[in-house]
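Have a look at the structure below, then the notes.
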Amino acid sequence: MLDQTETWLGENTDLDAAAVVDAVDSEAVTSRVEATLAAGEEAGAGSVTPATFAFVDGVLQTSLNGSVSTSTVETVLNL
């Protein structure tokens with residue numbers, strides 16, 4: 001996948017494609033992605049996307065998984 005990304009970036013952008021791929025493939029990025037995935041699982045994001053967490057005044061009200069209507073979001077956020 002990284003080879004395809006590098007090729008696409010090289011052909012379609014002015015970016016240094018090799019530098020972008022090297023940065024993405026670094027341990028620092030891998031660690032951040034793994035930490036983000038773990039946090040999402042711990043928070044109950046599950047495997048459904050999108051996973052949205054609704055807060056009011058900094059307090060978690062609920063999580064919304066999958067596609068939800070605007071009226072559902074408004075209700076959850078007391079709008």
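Scheme for the structure tokens: letters A, B, ... for chains in order shown; per-chain residue numbers from 1; ligand numbers from 1 in order shown.
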
Excluding region 48-58 of chain A and any residue of its chain fewer than 2 positions from it, enumerate the residues within 10 Å of it, using only C-alpha atoms, and give them as an MDAnalysis selection string. chainID A and resid 40 43:46 60:68 73 76:78

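Near region 4-14 of chain A, within a cut-off of 12 Å and counting only C-alpha atoms, sit the residues Ala18, Ala19, Val20, Val21, Asp22, Ala23, Val24 and Asp25 of chain A, with same-chain residues fewer than 4 positions away left out.
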
Please write the residues from the selection above to a file, keeping N, CA and C atoms, as a short mmCIF file (atom, residue, chain, number, x, y, z; two decimals), in the first residue's frame.
```cif
data_model
loop_
_atom_site.label_atom_id
_atom_site.label_comp_id
_atom_site.auth_asym_id
_atom_site.auth_seq_id
_atom_site.Cartn_x
_atom_site.Cartn_y
_atom_site.Cartn_z
N ALA A 18 8.53 10.28 -1.31
CA ALA A 18 9.33 9.37 -0.49
C ALA A 18 9.36 9.83 0.96
N ALA A 19 9.47 11.14 1.18
CA ALA A 19 9.49 11.68 2.54
C ALA A 19 8.16 11.46 3.25
N VAL A 20 7.06 11.62 2.52
CA VAL A 20 5.74 11.40 3.11
C VAL A 20 5.60 9.94 3.54
N VAL A 21 5.96 9.03 2.66
CA VAL A 21 5.85 7.60 2.97
C VAL A 21 6.77 7.22 4.13
N ASP A 22 7.98 7.76 4.14
CA ASP A 22 8.90 7.48 5.24
C ASP A 22 8.32 7.97 6.57
N ALA A 23 7.70 9.15 6.56
CA ALA A 23 7.11 9.69 7.78
C ALA A 23 5.95 8.83 8.26
N VAL A 24 5.10 8.41 7.33
CA VAL A 24 3.95 7.58 7.68
C VAL A 24 4.40 6.22 8.20
N ASP A 25 5.48 5.71 7.66
CA ASP A 25 5.97 4.39 8.03
C ASP A 25 6.84 4.41 9.29
#
```

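Of the residues in region 9-78 of chain A, those given strand (DSSP E) by DSSP on the backbone are Ala51, Thr52, Phe53, Ala54, Phe55, Val56, Val59, Leu60, Gln61, Thr62, Ser63, Leu64 and Asn65 of chain A.
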
With all heavy atoms retained, export the selected residues as a CSV table (one decimal), in the first residue's frame.
```csv
chain,number,residue,atom,x,y,z
A,51,ALA,N,-18.2,6.7,14.2
A,51,ALA,CA,-18.5,6.7,15.7
A,51,ALA,C,-18.4,8.1,16.2
A,51,ALA,O,-17.3,8.7,16.0
A,51,ALA,CB,-17.6,5.8,16.4
A,52,THR,N,-19.4,8.6,16.8
A,52,THR,CA,-19.5,10.0,17.3
A,52,THR,C,-19.8,10.0,18.7
A,52,THR,O,-20.6,9.3,19.2
A,52,THR,CB,-20.5,10.8,16.5
A,52,THR,OG1,-20.3,10.7,15.1
A,52,THR,CG2,-20.5,12.3,16.9
A,53,PHE,N,-19.1,10.8,19.5
A,53,PHE,CA,-19.3,11.0,20.9
A,53,PHE,C,-19.9,12.3,21.2
A,53,PHE,O,-19.3,13.3,20.8
A,53,PHE,CB,-18.0,10.7,21.7
A,53,PHE,CG,-17.5,9.3,21.5
A,53,PHE,CD1,-16.6,9.0,20.5
A,53,PHE,CD2,-17.9,8.3,22.3
A,53,PHE,CE1,-16.2,7.7,20.2
A,53,PHE,CE2,-17.5,7.0,22.1
A,53,PHE,CZ,-16.6,6.7,21.0
A,54,ALA,N,-21.0,12.4,21.8
A,54,ALA,CA,-21.7,13.7,22.0
A,54,ALA,C,-21.5,14.1,23.4
A,54,ALA,O,-21.8,13.5,24.4
A,54,ALA,CB,-23.2,13.5,21.7
A,55,PHE,N,-20.9,15.4,23.5
A,55,PHE,CA,-20.7,16.0,24.8
A,55,PHE,C,-21.5,17.2,25.0
A,55,PHE,O,-21.7,18.0,24.0
A,55,PHE,CB,-19.2,16.4,24.9
A,55,PHE,CG,-18.3,15.2,25.0
A,55,PHE,CD1,-17.8,14.5,23.9
A,55,PHE,CD2,-17.8,14.7,26.2
A,55,PHE,CE1,-17.0,13.5,23.9
A,55,PHE,CE2,-16.9,13.7,26.3
A,55,PHE,CZ,-16.5,13.0,25.2
A,56,VAL,N,-22.0,17.5,26.2
A,56,VAL,CA,-22.6,18.7,26.6
A,56,VAL,C,-21.9,19.3,27.8
A,56,VAL,O,-21.8,18.6,28.8
A,56,VAL,CB,-24.1,18.6,26.9
A,56,VAL,CG1,-24.7,19.9,27.4
A,56,VAL,CG2,-24.9,18.1,25.6
A,59,VAL,N,-19.4,16.9,29.3
A,59,VAL,CA,-19.9,15.7,29.9
A,59,VAL,C,-20.4,14.8,28.8
A,59,VAL,O,-21.3,15.2,28.0
A,59,VAL,CB,-21.0,15.9,30.9
A,59,VAL,CG1,-21.5,14.6,31.5
A,59,VAL,CG2,-20.5,16.8,32.1
A,60,LEU,N,-19.9,13.6,28.7
A,60,LEU,CA,-20.4,12.6,27.6
A,60,LEU,C,-21.8,12.3,27.8
A,60,LEU,O,-22.2,11.9,28.9
A,60,LEU,CB,-19.5,11.3,27.7
A,60,LEU,CG,-20.0,10.3,26.7
A,60,LEU,CD1,-19.7,10.7,25.2
A,60,LEU,CD2,-19.2,9.0,27.0
A,61,GLN,N,-22.6,12.6,26.8
A,61,GLN,CA,-24.0,12.3,26.9
A,61,GLN,C,-24.3,10.9,26.3
A,61,GLN,O,-25.1,10.1,26.9
A,61,GLN,CB,-24.8,13.3,26.1
A,61,GLN,CG,-24.7,14.7,26.6
A,61,GLN,CD,-25.1,14.9,28.0
A,61,GLN,OE1,-26.2,14.5,28.4
A,61,GLN,NE2,-24.2,15.4,28.9
A,62,THR,N,-23.7,10.6,25.2
A,62,THR,CA,-23.9,9.3,24.6
A,62,THR,C,-23.0,9.1,23.4
A,62,THR,O,-22.3,10.1,23.0
A,62,THR,CB,-25.4,9.1,24.1
A,62,THR,OG1,-25.6,7.8,23.7
A,62,THR,CG2,-25.7,10.0,22.9
A,63,SER,N,-22.9,7.9,22.9
A,63,SER,CA,-22.2,7.7,21.6
A,63,SER,C,-23.2,7.4,20.6
A,63,SER,O,-24.2,6.8,20.8
A,63,SER,CB,-21.1,6.6,21.8
A,63,SER,OG,-21.8,5.4,22.1
A,64,LEU,N,-22.9,7.8,19.4
A,64,LEU,CA,-23.7,7.5,18.2
A,64,LEU,C,-22.9,6.7,17.2
A,64,LEU,O,-21.9,7.2,16.7
A,64,LEU,CB,-24.2,8.8,17.6
A,64,LEU,CG,-24.9,9.8,18.6
A,64,LEU,CD1,-25.0,11.2,18.0
A,64,LEU,CD2,-26.3,9.3,19.0
A,65,ASN,N,-23.4,5.6,16.8
A,65,ASN,CA,-22.7,4.7,15.9
A,65,ASN,C,-23.4,4.6,14.6
A,65,ASN,O,-24.6,4.4,14.6
A,65,ASN,CB,-22.4,3.3,16.5
A,65,ASN,CG,-21.4,3.4,17.6
A,65,ASN,OD1,-20.5,4.1,17.6
A,65,ASN,ND2,-21.7,2.6,18.7
```

Just list the residues in chain A DSSP gives helix (DSSP H, G or I) on the backbone, as a count of residues only. 42

So the first atom is CA of Leu2 (chain A) and the second is CA of Arg32 (chain A); what is the distance between them in Å, to one decimal place? 17.6 Å

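The two atoms in question, CA of Ser47 (chain A) and CA of Thr30 (chain A), are spaced 19.5 Å apart.
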
What separates CA of Leu37 (chain A) and CA of Asp3 (chain A) is a distance of 23.6 Å
